[in-house]
Each structure stands twice: as C-alpha cells, then as structure tokens.
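Here's query.cif, which has mmCIF, N, CA and C atoms:
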data_model
#
loop_
_atom_site.label_atom_id
_atom_site.label_comp_id
_atom_site.auth_asym_id
_atom_site.auth_seq_id
_atom_site.Cartn_x
_atom_site.Cartn_y
_atom_site.Cartn_z
N MET A 1 -10.86 13.09 21.97
CA MET A 1 -10.88 12.13 20.88
C MET A 1 -11.76 12.64 19.74
N LEU A 2 -12.77 13.41 20.07
CA LEU A 2 -13.64 13.95 19.03
C LEU A 2 -12.88 14.87 18.09
N ARG A 3 -12.03 15.75 18.65
CA ARG A 3 -11.24 16.65 17.80
C ARG A 3 -10.32 15.87 16.87
N VAL A 4 -9.71 14.82 17.38
CA VAL A 4 -8.84 13.98 16.55
C VAL A 4 -9.66 13.36 15.43
N GLY A 5 -10.84 12.85 15.72
CA GLY A 5 -11.70 12.27 14.70
C GLY A 5 -12.09 13.26 13.63
N VAL A 6 -12.37 14.48 14.03
CA VAL A 6 -12.74 15.51 13.06
C VAL A 6 -11.55 15.83 12.17
N VAL A 7 -10.37 16.00 12.76
CA VAL A 7 -9.18 16.31 11.97
C VAL A 7 -8.87 15.19 10.98
N VAL A 8 -8.92 13.95 11.42
CA VAL A 8 -8.64 12.82 10.53
C VAL A 8 -9.68 12.75 9.41
N SER A 9 -10.94 12.99 9.72
CA SER A 9 -11.99 12.97 8.70
C SER A 9 -11.78 14.06 7.65
N VAL A 10 -11.45 15.25 8.11
CA VAL A 10 -11.22 16.37 7.19
C VAL A 10 -9.97 16.11 6.35
N LEU A 11 -8.92 15.58 6.98
CA LEU A 11 -7.70 15.28 6.23
C LEU A 11 -7.95 14.24 5.14
N SER A 12 -8.83 13.29 5.39
CA SER A 12 -9.14 12.26 4.40
C SER A 12 -9.67 12.88 3.10
N ILE A 13 -10.35 14.01 3.23
CA ILE A 13 -10.87 14.72 2.06
C ILE A 13 -9.80 15.64 1.48
N LEU A 14 -9.13 16.40 2.35
CA LEU A 14 -8.16 17.40 1.89
C LEU A 14 -6.93 16.79 1.23
N ILE A 15 -6.58 15.58 1.59
CA ILE A 15 -5.40 14.93 1.00
C ILE A 15 -5.55 14.83 -0.51
N ARG A 16 -6.76 14.69 -0.99
CA ARG A 16 -6.99 14.57 -2.43
C ARG A 16 -7.03 15.93 -3.13
N MET A 17 -7.16 17.01 -2.36
CA MET A 17 -7.35 18.33 -2.97
C MET A 17 -6.19 19.29 -2.75
N CYS A 18 -5.34 19.04 -1.76
CA CYS A 18 -4.30 20.00 -1.38
C CYS A 18 -2.90 19.43 -1.58
N THR A 19 -1.96 20.32 -1.72
CA THR A 19 -0.56 19.92 -1.75
C THR A 19 -0.09 19.62 -0.32
N VAL A 20 1.04 18.96 -0.19
CA VAL A 20 1.57 18.67 1.14
C VAL A 20 1.87 19.96 1.91
N PRO A 21 2.53 20.96 1.30
CA PRO A 21 2.73 22.22 2.05
C PRO A 21 1.42 22.86 2.48
N GLY A 22 0.40 22.76 1.63
CA GLY A 22 -0.91 23.31 2.00
C GLY A 22 -1.52 22.57 3.18
N LEU A 23 -1.40 21.24 3.17
CA LEU A 23 -1.91 20.45 4.30
C LEU A 23 -1.19 20.81 5.59
N LEU A 24 0.13 21.00 5.50
CA LEU A 24 0.90 21.34 6.71
C LEU A 24 0.53 22.73 7.23
N ARG A 25 0.30 23.67 6.32
CA ARG A 25 -0.15 25.00 6.76
C ARG A 25 -1.51 24.91 7.45
N LEU A 26 -2.41 24.10 6.89
CA LEU A 26 -3.73 23.93 7.52
C LEU A 26 -3.60 23.26 8.89
N CYS A 27 -2.71 22.28 9.01
CA CYS A 27 -2.52 21.60 10.30
C CYS A 27 -1.93 22.55 11.34
N ALA A 28 -1.12 23.50 10.90
CA ALA A 28 -0.50 24.44 11.83
C ALA A 28 -1.42 25.61 12.18
N TRP A 29 -2.43 25.84 11.35
CA TRP A 29 -3.33 26.97 11.57
C TRP A 29 -4.10 26.77 12.87
N ARG A 30 -3.93 27.69 13.78
CA ARG A 30 -4.59 27.68 15.09
C ARG A 30 -4.39 26.34 15.82
N ALA A 31 -3.22 25.78 15.65
CA ALA A 31 -2.90 24.50 16.30
C ALA A 31 -2.88 24.68 17.82
N PRO A 32 -3.34 23.69 18.56
CA PRO A 32 -3.31 23.79 20.02
C PRO A 32 -1.87 23.73 20.54
N ARG A 33 -1.71 24.18 21.76
CA ARG A 33 -0.39 24.07 22.41
C ARG A 33 -0.02 22.60 22.56
N PRO A 34 1.28 22.29 22.57
CA PRO A 34 1.67 20.89 22.78
C PRO A 34 1.08 20.35 24.09
N PRO A 35 0.60 19.12 24.08
CA PRO A 35 -0.07 18.56 25.25
C PRO A 35 0.92 18.15 26.35
N GLN A 36 0.41 18.00 27.55
CA GLN A 36 1.21 17.50 28.67
C GLN A 36 1.48 16.01 28.49
N ASN A 37 0.50 15.30 27.98
CA ASN A 37 0.61 13.85 27.85
C ASN A 37 0.58 13.45 26.38
N GLU A 38 1.74 13.37 25.75
CA GLU A 38 1.81 13.03 24.33
C GLU A 38 1.34 11.61 24.05
N ALA A 39 1.56 10.71 24.98
CA ALA A 39 1.15 9.31 24.80
C ALA A 39 -0.36 9.21 24.63
N LEU A 40 -1.11 10.04 25.36
CA LEU A 40 -2.56 10.03 25.24
C LEU A 40 -3.00 10.47 23.84
N VAL A 41 -2.34 11.48 23.30
CA VAL A 41 -2.67 11.95 21.95
C VAL A 41 -2.37 10.85 20.92
N VAL A 42 -1.23 10.20 21.06
CA VAL A 42 -0.86 9.13 20.12
C VAL A 42 -1.88 8.00 20.20
N THR A 43 -2.29 7.64 21.41
CA THR A 43 -3.29 6.58 21.58
C THR A 43 -4.61 6.96 20.91
N CYS A 44 -5.05 8.21 21.09
CA CYS A 44 -6.30 8.66 20.47
C CYS A 44 -6.21 8.62 18.95
N VAL A 45 -5.10 9.11 18.40
CA VAL A 45 -4.93 9.12 16.94
C VAL A 45 -4.94 7.70 16.40
N ASP A 46 -4.20 6.81 17.05
CA ASP A 46 -4.14 5.42 16.58
C ASP A 46 -5.50 4.72 16.68
N ARG A 47 -6.25 5.02 17.72
CA ARG A 47 -7.59 4.42 17.86
C ARG A 47 -8.54 4.92 16.79
N VAL A 48 -8.51 6.22 16.53
CA VAL A 48 -9.39 6.78 15.50
C VAL A 48 -9.04 6.19 14.14
N LEU A 49 -7.76 6.11 13.82
CA LEU A 49 -7.35 5.55 12.52
C LEU A 49 -7.68 4.07 12.41
N GLY A 50 -7.65 3.34 13.53
CA GLY A 50 -7.91 1.92 13.51
C GLY A 50 -9.38 1.54 13.48
N ARG A 51 -10.27 2.47 13.79
CA ARG A 51 -11.70 2.16 13.90
C ARG A 51 -12.47 2.25 12.60
N HIS A 52 -12.02 3.06 11.68
CA HIS A 52 -12.84 3.31 10.50
C HIS A 52 -12.12 2.83 9.25
N PRO A 53 -12.78 1.98 8.43
CA PRO A 53 -12.12 1.45 7.24
C PRO A 53 -11.76 2.52 6.21
N ALA A 54 -12.48 3.63 6.20
CA ALA A 54 -12.17 4.70 5.25
C ALA A 54 -10.82 5.34 5.53
N PHE A 55 -10.34 5.20 6.77
CA PHE A 55 -9.06 5.79 7.14
C PHE A 55 -7.90 4.86 6.83
N ALA A 56 -8.18 3.68 6.30
CA ALA A 56 -7.13 2.68 6.07
C ALA A 56 -6.19 3.07 4.93
N ARG A 57 -6.67 3.89 4.01
CA ARG A 57 -5.81 4.31 2.90
C ARG A 57 -4.85 5.40 3.37
N SER A 58 -3.59 5.23 3.11
CA SER A 58 -2.49 6.13 3.52
C SER A 58 -2.57 6.50 5.00
N PRO A 59 -2.60 5.50 5.88
CA PRO A 59 -2.72 5.81 7.31
C PRO A 59 -1.51 6.55 7.86
N CYS A 60 -0.32 6.29 7.33
CA CYS A 60 0.86 6.96 7.87
C CYS A 60 0.81 8.46 7.60
N LEU A 61 0.27 8.85 6.45
CA LEU A 61 0.16 10.27 6.13
C LEU A 61 -0.85 10.95 7.05
N LYS A 62 -2.00 10.34 7.23
CA LYS A 62 -3.01 10.91 8.14
C LYS A 62 -2.50 10.94 9.58
N ARG A 63 -1.83 9.87 9.99
CA ARG A 63 -1.29 9.79 11.36
C ARG A 63 -0.25 10.89 11.58
N SER A 64 0.67 11.04 10.64
CA SER A 64 1.73 12.03 10.80
C SER A 64 1.19 13.45 10.79
N LEU A 65 0.26 13.74 9.89
CA LEU A 65 -0.31 15.09 9.84
C LEU A 65 -1.12 15.39 11.10
N THR A 66 -1.88 14.42 11.58
CA THR A 66 -2.68 14.63 12.79
C THR A 66 -1.79 14.80 14.01
N LEU A 67 -0.77 13.97 14.13
CA LEU A 67 0.16 14.13 15.25
C LEU A 67 0.91 15.45 15.14
N TYR A 68 1.27 15.85 13.92
CA TYR A 68 1.94 17.13 13.72
C TYR A 68 1.08 18.27 14.27
N ARG A 69 -0.21 18.20 14.01
CA ARG A 69 -1.12 19.24 14.50
C ARG A 69 -1.23 19.23 16.02
N PHE A 70 -1.48 18.06 16.59
CA PHE A 70 -1.79 18.01 18.02
C PHE A 70 -0.56 17.95 18.92
N LEU A 71 0.61 17.67 18.37
CA LEU A 71 1.81 17.63 19.20
C LEU A 71 2.65 18.89 19.08
N GLY A 72 2.14 19.86 18.39
CA GLY A 72 2.84 21.13 18.36
C GLY A 72 3.41 21.46 17.00
N ALA A 73 2.53 21.78 16.07
CA ALA A 73 2.96 22.14 14.72
C ALA A 73 3.88 23.35 14.74
N THR A 74 3.80 24.14 15.78
CA THR A 74 4.64 25.32 15.85
C THR A 74 5.92 25.07 16.63
N ALA A 75 6.11 23.86 17.14
CA ALA A 75 7.34 23.54 17.88
C ALA A 75 8.52 23.55 16.91
N THR A 76 9.63 24.07 17.36
CA THR A 76 10.78 24.21 16.47
C THR A 76 11.53 22.91 16.26
N ASP A 77 11.33 21.93 17.11
CA ASP A 77 12.10 20.69 16.99
C ASP A 77 11.30 19.54 16.36
N LEU A 78 10.10 19.81 15.87
CA LEU A 78 9.27 18.77 15.27
C LEU A 78 9.23 18.98 13.77
N GLN A 79 9.52 17.90 13.02
CA GLN A 79 9.52 17.97 11.56
C GLN A 79 8.64 16.86 10.98
N PHE A 80 7.99 17.19 9.89
CA PHE A 80 7.18 16.23 9.13
C PHE A 80 8.03 15.76 7.96
N CYS A 81 8.08 14.44 7.71
CA CYS A 81 8.89 13.90 6.62
C CYS A 81 8.09 12.98 5.73
N LEU A 82 8.44 13.02 4.44
CA LEU A 82 7.95 12.05 3.46
C LEU A 82 9.17 11.36 2.89
N GLY A 83 9.06 10.04 2.72
CA GLY A 83 10.18 9.29 2.16
C GLY A 83 9.71 8.21 1.22
N VAL A 84 10.65 7.72 0.41
CA VAL A 84 10.37 6.64 -0.53
C VAL A 84 11.48 5.59 -0.45
N ARG A 85 11.14 4.39 -0.88
CA ARG A 85 12.11 3.30 -1.03
C ARG A 85 11.58 2.39 -2.13
N TYR A 86 12.46 1.57 -2.66
CA TYR A 86 12.00 0.58 -3.63
C TYR A 86 11.15 -0.46 -2.93
N ALA A 87 10.10 -0.92 -3.61
CA ALA A 87 9.23 -1.96 -3.06
C ALA A 87 10.04 -3.24 -2.84
N ALA A 88 9.61 -4.02 -1.88
CA ALA A 88 10.36 -5.22 -1.51
C ALA A 88 10.50 -6.20 -2.66
N ALA A 89 9.44 -6.43 -3.39
CA ALA A 89 9.49 -7.41 -4.49
C ALA A 89 9.22 -6.69 -5.81
N PRO A 90 10.15 -6.75 -6.76
CA PRO A 90 9.89 -6.13 -8.06
C PRO A 90 8.78 -6.84 -8.81
N ASP A 91 8.03 -6.07 -9.56
CA ASP A 91 6.93 -6.62 -10.37
C ASP A 91 7.47 -6.94 -11.75
N PRO A 92 7.49 -8.21 -12.15
CA PRO A 92 8.06 -8.57 -13.46
C PRO A 92 7.30 -7.97 -14.64
N ALA A 93 6.05 -7.60 -14.44
CA ALA A 93 5.25 -7.02 -15.52
C ALA A 93 5.63 -5.56 -15.78
N ARG A 94 6.31 -4.94 -14.85
CA ARG A 94 6.70 -3.53 -15.01
C ARG A 94 8.18 -3.43 -15.35
N ARG A 95 8.49 -2.41 -16.10
CA ARG A 95 9.88 -2.17 -16.45
C ARG A 95 10.64 -1.54 -15.29
N LEU A 96 9.98 -0.66 -14.58
CA LEU A 96 10.61 0.04 -13.46
C LEU A 96 10.15 -0.58 -12.14
N ARG A 97 11.02 -0.54 -11.17
CA ARG A 97 10.65 -1.06 -9.84
C ARG A 97 9.69 -0.08 -9.16
N PRO A 98 8.63 -0.58 -8.57
CA PRO A 98 7.68 0.30 -7.87
C PRO A 98 8.30 0.86 -6.59
N LEU A 99 7.77 1.99 -6.15
CA LEU A 99 8.23 2.65 -4.93
C LEU A 99 7.17 2.54 -3.85
N ASP A 100 7.61 2.45 -2.62
CA ASP A 100 6.75 2.56 -1.45
C ASP A 100 7.00 3.93 -0.83
N GLY A 101 5.95 4.54 -0.31
CA GLY A 101 6.08 5.83 0.35
C GLY A 101 5.71 5.72 1.81
N HIS A 102 6.22 6.65 2.61
CA HIS A 102 5.91 6.66 4.04
C HIS A 102 6.01 8.09 4.56
N ALA A 103 5.22 8.39 5.57
CA ALA A 103 5.25 9.69 6.23
C ALA A 103 5.50 9.46 7.72
N TRP A 104 6.31 10.32 8.33
CA TRP A 104 6.60 10.19 9.76
C TRP A 104 7.07 11.53 10.30
N LEU A 105 7.22 11.59 11.61
CA LEU A 105 7.71 12.79 12.28
C LEU A 105 9.14 12.57 12.76
N LEU A 106 9.90 13.66 12.77
CA LEU A 106 11.23 13.67 13.37
C LEU A 106 11.22 14.66 14.52
N ARG A 107 11.91 14.33 15.56
CA ARG A 107 12.15 15.28 16.65
C ARG A 107 13.64 15.22 16.95
N ASN A 108 14.28 16.37 16.87
CA ASN A 108 15.73 16.46 17.07
C ASN A 108 16.48 15.51 16.15
N GLY A 109 16.01 15.35 14.93
CA GLY A 109 16.69 14.55 13.93
C GLY A 109 16.46 13.05 13.97
N ALA A 110 15.63 12.57 14.90
CA ALA A 110 15.37 11.13 15.03
C ALA A 110 13.88 10.86 14.84
N PRO A 111 13.52 9.67 14.28
CA PRO A 111 12.10 9.33 14.17
C PRO A 111 11.41 9.44 15.52
N TYR A 112 10.22 10.04 15.50
CA TYR A 112 9.52 10.35 16.74
C TYR A 112 8.14 9.70 16.75
N LEU A 113 7.89 8.90 17.78
CA LEU A 113 6.61 8.22 17.98
C LEU A 113 6.25 7.34 16.79
N GLU A 114 7.24 6.77 16.17
CA GLU A 114 7.05 5.91 15.01
C GLU A 114 6.97 4.47 15.48
N PRO A 115 5.91 3.74 15.09
CA PRO A 115 5.78 2.35 15.54
C PRO A 115 6.93 1.45 15.09
N ASN A 116 7.47 1.70 13.90
CA ASN A 116 8.55 0.87 13.38
C ASN A 116 9.77 1.76 13.13
N GLN A 117 10.51 2.06 14.18
CA GLN A 117 11.66 2.97 14.09
C GLN A 117 12.70 2.48 13.08
N ARG A 118 13.00 1.19 13.09
CA ARG A 118 14.05 0.65 12.20
C ARG A 118 13.59 0.67 10.74
N GLY A 119 12.30 0.50 10.50
CA GLY A 119 11.80 0.51 9.14
C GLY A 119 11.92 1.87 8.47
N VAL A 120 11.85 2.92 9.24
CA VAL A 120 11.93 4.28 8.70
C VAL A 120 13.32 4.54 8.13
N GLU A 121 14.32 3.93 8.69
CA GLU A 121 15.70 4.16 8.25
C GLU A 121 15.92 3.74 6.80
N ARG A 122 15.08 2.85 6.29
CA ARG A 122 15.24 2.38 4.90
C ARG A 122 14.63 3.33 3.88
N PHE A 123 13.88 4.33 4.34
CA PHE A 123 13.27 5.30 3.43
C PHE A 123 14.22 6.48 3.23
N ARG A 124 14.25 6.97 2.00
CA ARG A 124 15.04 8.16 1.70
C ARG A 124 14.10 9.37 1.78
N ILE A 125 14.47 10.34 2.57
CA ILE A 125 13.63 11.53 2.75
C ILE A 125 13.64 12.35 1.46
N ILE A 126 12.42 12.61 0.96
CA ILE A 126 12.29 13.45 -0.23
C ILE A 126 11.63 14.79 0.08
N TYR A 127 11.03 14.89 1.26
CA TYR A 127 10.40 16.16 1.68
C TYR A 127 10.46 16.24 3.19
N ARG A 128 10.86 17.42 3.68
CA ARG A 128 10.94 17.65 5.12
C ARG A 128 10.40 19.05 5.40
N TYR A 129 9.56 19.16 6.42
CA TYR A 129 8.99 20.46 6.79
C TYR A 129 8.96 20.60 8.29
N PRO A 130 9.39 21.70 8.84
CA PRO A 130 10.19 22.73 8.19
C PRO A 130 11.60 22.22 7.92
N THR A 131 12.28 22.90 7.00
CA THR A 131 13.60 22.43 6.58
C THR A 131 14.68 22.79 7.58
N HIS A 132 14.48 23.81 8.36
CA HIS A 132 15.46 24.31 9.34
C HIS A 132 16.73 24.80 8.68
N GLU A 133 16.63 25.19 7.42
CA GLU A 133 17.80 25.78 6.77
C GLU A 133 17.86 27.26 7.12
N ARG A 134 19.02 27.70 7.44
CA ARG A 134 19.19 29.11 7.80
C ARG A 134 19.72 29.87 6.60
N SER A 135 19.20 31.06 6.42
CA SER A 135 19.67 31.88 5.32
C SER A 135 20.98 32.56 5.73
N LEU A 136 21.79 32.89 4.75
CA LEU A 136 23.08 33.53 4.99
C LEU A 136 22.93 35.03 4.82
N ALA A 137 22.03 35.65 5.49
CA ALA A 137 21.81 37.09 5.36
C ALA A 137 22.63 37.88 6.36
#

Taking this structure as input, can you express it in the form of structure tokens?
Amino acid sequence: MLRVGVVVSVLSILIRMCTVPGLLRLCAWRAPRPPQNEALVVTCVDRVLGRHPAFARSPCLKRSLTLYRFLGATATDLQFCLGVRYAAAPDPARRLRPLDGHAWLLRNGAPYLEPNQRGVERFRIIYRYPTHERSLA
C-alpha cells in the first residue's frame, strides 16, 4: 500500500507538469510484473485515493494511471483511455455546452475494473494508449 501511496502522491504533482504520453511512459518505467491478485491492488488504490482530500481532484485519472502501472503497463492487452462527453445539464450562461472527461482502462477492448461500466459507454474515446495499430511494412 505504501508504493501505491507514493505513486499517487507523485502523480498528483506530475499531472500538472507532464503530458499524458509522458505520464504513461513514467508509469511504465520499471513497472512491476502484473500481480497475482489484481483485486488486492484495486482495493489498495481505491483506499489510498479515498483517504486523502488532495487526491479528490481528477480521481479517475490518478486511479487509471496507478492501476496501469501496477497491473502491468507492459501487458499487451491493457490500454489506458481518455474520453469526453457533453455535461448532463447545459449551462445557460455559456454559449457552448461544457464537457466532462473520464479516464479508464480497457482490457481486450472492454472497460476493465471500472466501477461504473455502463457510464463509460457514454464517453467518446479521444486518446488510447497503446493504440495497437499495426504498420503496413
């Protein structure tokens, strides 16, 4: 749990200074092997994020990046996604409708370890890593 706390604390700072590809490279750098008990890792990450008020801002991004690191950033079937959707209620003071953003993991093309599986379907993916696109060489 201590390692998870350190990663979440460092990510809280790096999110303001790094690009998303940079954060993903850092999460993959010397990443541990995928664990035997993924549920234990998810529980630790959720507990660390739930305990400290400073982690309340963009929790899905921190959760997804931390899980990406500890569940096997080098695994070929795990992808990190960012998505957007229109906010539920339009703001009459604004001309444009605001957007909500979300971060989550995919495994084999389906949301993975996401607390609200059905809610993710309403987001349009704008960034996916790795892309799994093959070159035609």

Members of chain A assigned helix (DSSP H, G or I) by DSSP, as a PyMOL selection string:
chain A and resi 2-14+20-28+38-51+53-56+59-70+117-120

Using only C-alpha atoms, which of the listed residues (A:Val84, A:Leu71, A:Leu113, A:Leu99) sits closest to Arg33 (chain A)?
A:Leu71

Decode the PyMOL selection byres (((chain A and resi 79-82 and name CA) around 10) and name CA) for the given file into explicit residues and return them as a PyMOL selection string.
chain A and resi 20+24+60-61+64-65+67-68+73-78+83-84+101-112+123-132

Selection in question (the file shown): the PyMOL selection byres (((chain A and resi 98 and name CA) around 9) and name CA). Which residues does it include, as a PDB file with N, CA and C atoms, in the coordinates of the input?
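New file result_2.pdb:
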ATOM      1  N   ARG A  85      11.140   4.390  -0.880  1.00  0.00           N
ATOM      2  CA  ARG A  85      12.110   3.300  -1.030  1.00  0.00           C
ATOM      3  C   ARG A  85      11.580   2.390  -2.130  1.00  0.00           C
ATOM      4  N   TYR A  86      12.460   1.570  -2.660  1.00  0.00           N
ATOM      5  CA  TYR A  86      12.000   0.580  -3.630  1.00  0.00           C
ATOM      6  C   TYR A  86      11.150  -0.460  -2.930  1.00  0.00           C
ATOM      7  N   ALA A  87      10.100  -0.920  -3.610  1.00  0.00           N
ATOM      8  CA  ALA A  87       9.230  -1.960  -3.060  1.00  0.00           C
ATOM      9  C   ALA A  87      10.040  -3.240  -2.840  1.00  0.00           C
ATOM     10  N   ALA A  88       9.610  -4.020  -1.880  1.00  0.00           N
ATOM     11  CA  ALA A  88      10.360  -5.220  -1.510  1.00  0.00           C
ATOM     12  C   ALA A  88      10.500  -6.200  -2.660  1.00  0.00           C
ATOM     13  N   ALA A  89       9.440  -6.430  -3.390  1.00  0.00           N
ATOM     14  CA  ALA A  89       9.490  -7.410  -4.490  1.00  0.00           C
ATOM     15  C   ALA A  89       9.220  -6.690  -5.810  1.00  0.00           C
ATOM     16  N   PRO A  90      10.150  -6.750  -6.760  1.00  0.00           N
ATOM     17  CA  PRO A  90       9.890  -6.130  -8.060  1.00  0.00           C
ATOM     18  C   PRO A  90       8.780  -6.840  -8.810  1.00  0.00           C
ATOM     19  N   ASP A  91       8.030  -6.070  -9.560  1.00  0.00           N
ATOM     20  CA  ASP A  91       6.930  -6.620 -10.370  1.00  0.00           C
ATOM     21  C   ASP A  91       7.470  -6.940 -11.750  1.00  0.00           C
ATOM     22  N   ARG A  94       6.310  -4.940 -14.850  1.00  0.00           N
ATOM     23  CA  ARG A  94       6.700  -3.530 -15.010  1.00  0.00           C
ATOM     24  C   ARG A  94       8.180  -3.430 -15.350  1.00  0.00           C
ATOM     25  N   LEU A  96       9.980  -0.660 -14.580  1.00  0.00           N
ATOM     26  CA  LEU A  96      10.610   0.040 -13.460  1.00  0.00           C
ATOM     27  C   LEU A  96      10.150  -0.580 -12.140  1.00  0.00           C
ATOM     28  N   ARG A  97      11.020  -0.540 -11.170  1.00  0.00           N
ATOM     29  CA  ARG A  97      10.650  -1.060  -9.840  1.00  0.00           C
ATOM     30  C   ARG A  97       9.690  -0.080  -9.160  1.00  0.00           C
ATOM     31  N   LEU A  99       7.770   1.990  -6.150  1.00  0.00           N
ATOM     32  CA  LEU A  99       8.230   2.650  -4.930  1.00  0.00           C
ATOM     33  C   LEU A  99       7.170   2.540  -3.850  1.00  0.00           C
ATOM     34  N   ASP A 100       7.610   2.450  -2.620  1.00  0.00           N
ATOM     35  CA  ASP A 100       6.750   2.560  -1.450  1.00  0.00           C
ATOM     36  C   ASP A 100       7.000   3.930  -0.830  1.00  0.00           C
TER      37      ASP A 100
END

One number please: CA of Pro35 (chain A) to CA of Leu2 (chain A), in Å, one decimal.
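Result for CA of Pro35 (chain A) versus CA of Leu2 (chain A): 15.6 Å, one decimal.
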
Given the file shown, enumerate the residues that the PyMOL selection byres ((chain A and resi 27) around 8) captures and present them as an MDAnalysis selection string.
chainID A and resid 21:26 28:32 65:66 68:70 72:74

When DSSP works through the backbone of this structure, what residues of region 69-137 of chain A end up as strand (DSSP E or B), shown as a list in words?
Leu78, Gln79, Phe80, Cys81, Leu82, Gly83, Val84, Arg85, Tyr86, Leu99, Asp100, Gly101, His102, Ala103, Trp104, Leu105, Leu106, Arg107, Ala110, Pro111, Tyr112, Arg124, Ile125, Ile126, Tyr127, Arg128 and Tyr129 of chain A

CA of Cys18 (chain A) and atom N of Pro34 (chain A) are how many Å apart?
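Distance between the two atoms: 24.7 Å.
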
Calculate how many Å separate atom C of Pro59 (chain A) from CA of Asn37 (chain A), rounding to one decimal.
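CA of Asn37 (chain A) lies at a distance of 21.4 Å from atom C of Pro59 (chain A).
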